[in-house]
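Data from work-v4.cif: mmCIF, C-alpha atoms
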```cif
data_final
#
loop_
_atom_site.group_PDB
_atom_site.id
_atom_site.type_symbol
_atom_site.label_atom_id
_atom_site.label_comp_id
_atom_site.auth_asym_id
_atom_site.auth_seq_id
_atom_site.Cartn_x
_atom_site.Cartn_y
_atom_site.Cartn_z
ATOM 1 C CA TRP A 1 25.383 56.671 120.895
ATOM 2 C CA ARG A 2 25.500 53.013 119.949
ATOM 3 C CA VAL A 3 25.582 49.730 121.863
ATOM 4 C CA ASP A 4 26.606 46.574 120.049
ATOM 5 C CA ILE A 5 27.951 43.092 120.549
ATOM 6 C CA ALA A 6 30.680 41.936 118.196
ATOM 7 C CA THR A 7 32.598 38.704 117.704
ATOM 8 C CA ILE A 8 36.337 38.990 117.169
ATOM 9 C CA GLN A 9 37.370 35.868 115.294
ATOM 10 C CA SER A 10 41.117 36.399 115.001
ATOM 11 C CA ASP A 11 43.959 38.869 115.373
ATOM 12 C CA GLY A 12 43.480 41.922 113.205
ATOM 13 C CA PRO A 13 42.989 45.673 112.851
ATOM 14 C CA PHE A 14 40.759 47.557 115.264
ATOM 15 C CA SER A 15 38.000 49.836 113.941
ATOM 16 C CA PRO A 16 38.684 53.507 114.695
ATOM 17 C CA PHE A 17 35.801 55.864 115.499
ATOM 18 C CA PRO A 18 37.011 59.499 115.715
ATOM 19 C CA ASN A 19 35.403 61.805 118.315
ATOM 20 C CA ILE A 20 33.875 58.844 120.129
ATOM 21 C CA THR A 21 34.346 57.712 123.719
ATOM 22 C CA ARG A 22 34.264 53.947 123.673
ATOM 23 C CA SER A 23 33.651 51.516 126.521
ATOM 24 C CA ILE A 24 34.386 47.895 125.716
ATOM 25 C CA ALA A 25 34.044 44.699 127.732
ATOM 26 C CA LEU A 26 34.780 41.064 126.975
ATOM 27 C CA ILE A 27 31.503 39.158 127.470
ATOM 28 C CA ASP A 28 32.405 35.712 126.125
ATOM 29 C CA GLY A 29 35.966 34.484 126.064
ATOM 30 C CA THR A 30 39.009 34.467 128.274
ATOM 31 C CA GLN A 31 41.250 37.317 127.174
ATOM 32 C CA LEU A 32 41.516 39.932 124.457
ATOM 33 C CA ASN A 33 44.426 42.312 123.936
ATOM 34 C CA LEU A 34 44.012 45.811 122.561
ATOM 35 C CA ASN A 35 47.405 46.647 121.073
ATOM 36 C CA PHE A 36 48.011 50.397 121.322
ATOM 37 C CA PRO A 37 51.118 51.968 119.737
ATOM 38 C CA ASN A 38 53.060 52.047 123.057
ATOM 39 C CA ARG A 39 51.265 49.526 125.269
ATOM 40 C CA VAL A 40 48.855 46.594 125.483
ATOM 41 C CA GLN A 41 45.512 46.729 127.327
ATOM 42 C CA THR A 42 44.291 43.256 128.299
ATOM 43 C CA LEU A 43 40.540 42.774 128.582
ATOM 44 C CA THR A 44 39.259 40.102 130.946
ATOM 45 C CA PRO A 45 35.628 38.951 131.234
ATOM 46 C CA PHE A 46 33.129 41.641 132.262
ATOM 47 C CA ALA A 47 35.726 44.279 133.150
ATOM 48 C CA THR A 48 34.929 47.498 131.290
ATOM 49 C CA TYR A 49 37.702 49.531 129.691
ATOM 50 C CA THR A 50 36.938 53.055 128.440
ATOM 51 C CA PHE A 51 39.078 55.099 126.082
ATOM 52 C CA ARG A 52 38.841 58.208 123.935
ATOM 53 C CA ASN A 53 41.017 59.555 121.156
ATOM 54 C CA GLU A 54 43.406 56.663 121.352
ATOM 55 C CA VAL A 55 42.933 53.832 118.964
ATOM 56 C CA PRO A 56 44.491 50.407 119.256
ATOM 57 C CA ASN A 57 46.278 49.404 116.082
ATOM 58 C CA THR A 58 45.215 45.782 116.395
ATOM 59 C CA THR A 59 43.530 43.251 118.615
ATOM 60 C CA SER A 60 44.844 39.817 119.467
ATOM 61 C CA VAL A 61 42.743 36.953 120.770
ATOM 62 C CA SER A 62 43.977 34.384 123.258
ATOM 63 C CA SER A 63 42.492 31.300 121.626
ATOM 64 C CA ARG A 64 38.945 30.954 120.302
ATOM 65 C CA PRO A 65 36.704 33.770 119.028
ATOM 66 C CA GLN A 66 35.888 36.366 121.680
ATOM 67 C CA LYS A 67 32.689 38.428 122.066
ATOM 68 C CA VAL A 68 32.791 42.031 123.200
ATOM 69 C CA CYS A 69 30.161 44.591 124.079
ATOM 70 C CA ASN A 70 30.800 48.155 122.923
ATOM 71 C CA LEU A 71 29.190 51.376 124.077
ATOM 72 C CA MET A 72 30.192 54.222 121.774
ATOM 73 C CA VAL A 73 29.141 57.775 122.616
ATOM 74 C CA SER A 74 29.788 60.777 120.393
ATOM 75 C CA ASP A 75 31.659 63.598 122.102
ATOM 76 C CA SER A 76 28.878 65.961 121.016
ATOM 77 C CA PHE A 77 26.224 63.802 122.749
ATOM 78 C CA GLY A 78 27.669 63.469 126.247
ATOM 79 C CA SER A 79 28.867 60.471 128.199
ATOM 80 C CA GLY A 80 27.849 56.933 129.050
ATOM 81 C CA THR A 81 28.640 53.991 131.282
ATOM 82 C CA LEU A 82 28.702 50.272 130.641
ATOM 83 C CA GLU A 83 28.006 48.004 133.630
ATOM 84 C CA PHE A 84 27.399 44.321 134.268
ATOM 85 C CA SER A 85 25.759 42.516 137.162
ATOM 86 C CA LYS A 86 25.367 38.878 138.005
ATOM 87 C CA THR A 87 23.558 38.666 141.315
ATOM 88 C CA GLY A 88 20.741 40.164 143.302
ATOM 89 C CA ARG A 89 19.074 43.413 142.459
ATOM 90 C CA LEU A 90 20.187 46.582 140.658
ATOM 91 C CA VAL A 91 18.676 49.988 141.286
ATOM 92 C CA LYS A 92 19.574 52.941 139.047
ATOM 93 C CA LYS A 93 18.307 56.476 139.473
ATOM 94 C CA LEU A 94 18.236 58.208 136.102
ATOM 95 C CA ALA A 95 18.190 61.915 135.461
ATOM 96 C CA PRO A 96 15.817 63.430 132.901
ATOM 97 C CA GLU A 97 16.887 62.962 129.275
ATOM 98 C CA THR A 98 18.949 59.882 130.185
ATOM 99 C CA THR A 99 18.606 56.599 128.291
ATOM 100 C CA LEU A 100 19.134 53.180 129.827
ATOM 101 C CA VAL A 101 19.620 50.059 127.720
ATOM 102 C CA PHE A 102 19.160 46.711 129.527
ATOM 103 C CA TYR A 103 20.187 43.455 127.872
ATOM 104 C CA GLN A 104 20.061 39.943 129.334
ATOM 105 C CA LEU A 105 23.140 38.235 127.943
ATOM 106 C CA PRO A 106 23.085 34.663 126.679
ATOM 107 C CA MET A 107 24.322 32.375 129.425
ATOM 108 C CA VAL A 108 27.853 31.087 129.067
ATOM 109 C CA GLU A 109 28.145 29.266 132.388
ATOM 110 C CA GLU A 110 27.046 25.653 132.748
ATOM 111 C CA ASN A 111 24.867 26.163 135.824
ATOM 112 C CA ALA A 112 23.277 29.464 134.821
ATOM 113 C CA THR A 113 19.511 29.611 134.770
ATOM 114 C CA SER A 114 17.171 32.269 133.519
ATOM 115 C CA SER A 115 13.890 32.764 135.237
ATOM 116 C CA GLY A 116 12.083 35.759 136.535
ATOM 117 C CA ILE A 117 14.305 38.705 135.703
ATOM 118 C CA ARG A 118 12.156 41.788 135.917
ATOM 119 C CA VAL A 119 12.871 45.361 134.874
ATOM 120 C CA THR A 120 10.732 47.965 136.650
ATOM 121 C CA VAL A 121 10.627 51.590 135.544
ATOM 122 C CA ASP A 122 9.204 54.031 138.107
ATOM 123 C CA SER A 123 8.646 57.698 137.354
ATOM 124 C CA SER A 124 6.529 60.292 139.081
ATOM 125 C CA SER A 125 3.610 59.531 136.764
ATOM 126 C CA GLN A 126 3.725 55.751 136.237
ATOM 127 C CA SER A 127 5.318 52.393 137.019
ATOM 128 C CA ASP A 128 5.947 49.691 134.419
ATOM 129 C CA GLU A 129 7.252 46.178 135.024
ATOM 130 C CA ILE A 130 8.698 44.077 132.222
ATOM 131 C CA SER A 131 9.703 40.403 132.438
ATOM 132 C CA THR A 132 12.681 39.572 130.246
ATOM 133 C CA SER A 133 14.214 36.568 128.557
ATOM 134 C CA ILE A 134 17.684 35.923 127.206
ATOM 135 C CA GLY A 135 18.478 38.328 124.414
ATOM 136 C CA ASP A 136 15.728 40.782 125.325
ATOM 137 C CA VAL A 137 16.587 44.462 125.117
ATOM 138 C CA VAL A 138 14.730 47.058 127.179
ATOM 139 C CA VAL A 139 15.267 50.753 126.437
ATOM 140 C CA SER A 140 14.052 53.412 128.848
ATOM 141 C CA ASP A 141 14.170 56.871 127.303
ATOM 142 C CA SER A 142 12.250 59.657 128.978
ATOM 143 C CA GLY A 143 12.241 63.374 129.607
ATOM 144 C CA SER A 144 11.568 62.790 133.296
ATOM 145 C CA ALA A 145 13.610 61.393 136.169
ATOM 146 C CA ARG A 146 12.939 57.757 137.009
ATOM 147 C CA THR A 147 14.253 54.771 138.918
ATOM 148 C CA ILE A 148 15.102 51.510 137.152
ATOM 149 C CA THR A 149 15.083 48.328 139.236
ATOM 150 C CA VAL A 150 16.356 45.037 137.843
ATOM 151 C CA SER A 151 15.475 42.132 140.135
ATOM 152 C CA GLY A 152 15.653 38.358 139.997
ATOM 153 C CA ILE A 153 19.239 38.248 138.755
ATOM 154 C CA ASP A 154 20.632 34.844 139.719
ATOM 155 C CA ASN A 155 23.861 33.734 138.065
ATOM 156 C CA VAL A 156 22.929 35.456 134.797
ATOM 157 C CA GLU A 157 24.891 38.371 133.362
ATOM 158 C CA VAL A 158 22.935 41.486 132.579
ATOM 159 C CA LEU A 159 24.261 44.578 130.868
ATOM 160 C CA LEU A 160 23.277 48.151 131.616
ATOM 161 C CA ALA A 161 24.351 50.987 129.364
ATOM 162 C CA VAL A 162 23.422 54.469 130.579
ATOM 163 C CA VAL A 163 23.800 57.389 128.172
#
```
Final structure tokens representation of the file:
Amino acid sequence: WRVDIATIQSDGPFSPFPNITRSIALIDGTQLNLNFPNRVQTLTPFATYTFRNEVPNTTSVSSRPQKVCNLMVSDSFGSGTLEFSKTGRLVKKLAPETTLVFYQLPMVEENATSSGIRVTVDSSSQSDEISTSIGDVVVSDSGSARTITVSGIDNVEVLLAVV
């Protein structure tokens, strides 16, 4: 699996990845079109679109460069989800052998503030709390079941990828 953030500067070809399920979300920008052979899929901010074995021929941007987040999972590995949250508290229960990637996105809104986001990982044997800043990445990868709690989210986008 792979999680990345990419900037799409202008209209152009889309990178194909065979045997991959891909979730993509626009994280900075207003609109991005994925131009498939027989249709157009329009991405709007923080709405996740997932596709497999269909590859857009091109992308087209609405105006300025657009940033997207991609979660790509090999068919042989399993599946994954890409989620965003902006307020309150997130709680995720993870099965054994599941990986969670947490990323605090750079703020794009004028009034956004970043203070006190905490990621807590609780398993049967231990509890860890991590304070995060913009751009921090937290990966929780364990053979045991655990609960991830993200608290202190206040008008700041956070990304969770679970694979």
Using only C-alpha atoms, which of A:Val138, A:Ile5, A:Ile20, A:Leu94 sits nearest Ser76 (chain A)? A:Ile20
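Shortest atom-to-atom contact with Thr59 (chain A) among A:Gln9, A:Thr30, A:Thr98, A:Thr21: A:Gln9, counting all atoms listed in the file.
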For the PyMOL selection byres ((chain A and resi 39-42) around 12), applied here, can you spell out every residue it catches as a ChimeraX atom specification? /A:24-26,30-38,43-51,54-62
Residue subset to file, keeping C-alpha atoms, as a short mmCIF file (atom, residue, chain, number, x, y, z; two decimals), in the coordinates of the input:
```cif
data_model
loop_
_atom_site.label_atom_id
_atom_site.label_comp_id
_atom_site.auth_asym_id
_atom_site.auth_seq_id
_atom_site.Cartn_x
_atom_site.Cartn_y
_atom_site.Cartn_z
CA ILE A 24 34.39 47.90 125.72
CA ALA A 25 34.04 44.70 127.73
CA LEU A 26 34.78 41.06 126.98
CA THR A 30 39.01 34.47 128.27
CA GLN A 31 41.25 37.32 127.17
CA LEU A 32 41.52 39.93 124.46
CA ASN A 33 44.43 42.31 123.94
CA LEU A 34 44.01 45.81 122.56
CA ASN A 35 47.40 46.65 121.07
CA PHE A 36 48.01 50.40 121.32
CA PRO A 37 51.12 51.97 119.74
CA ASN A 38 53.06 52.05 123.06
CA LEU A 43 40.54 42.77 128.58
CA THR A 44 39.26 40.10 130.95
CA PRO A 45 35.63 38.95 131.23
CA PHE A 46 33.13 41.64 132.26
CA ALA A 47 35.73 44.28 133.15
CA THR A 48 34.93 47.50 131.29
CA TYR A 49 37.70 49.53 129.69
CA THR A 50 36.94 53.06 128.44
CA PHE A 51 39.08 55.10 126.08
CA GLU A 54 43.41 56.66 121.35
CA VAL A 55 42.93 53.83 118.96
CA PRO A 56 44.49 50.41 119.26
CA ASN A 57 46.28 49.40 116.08
CA THR A 58 45.22 45.78 116.40
CA THR A 59 43.53 43.25 118.62
CA SER A 60 44.84 39.82 119.47
CA VAL A 61 42.74 36.95 120.77
CA SER A 62 43.98 34.38 123.26
#
```
Report, in Å to a single decimal, how far apart CA of Asp4 (chain A) and CA of Arg22 (chain A) are. 11.2 Å
Separation of CA of Glu129 (chain A) from CA of Ser23 (chain A) in Å: 28.2 Å
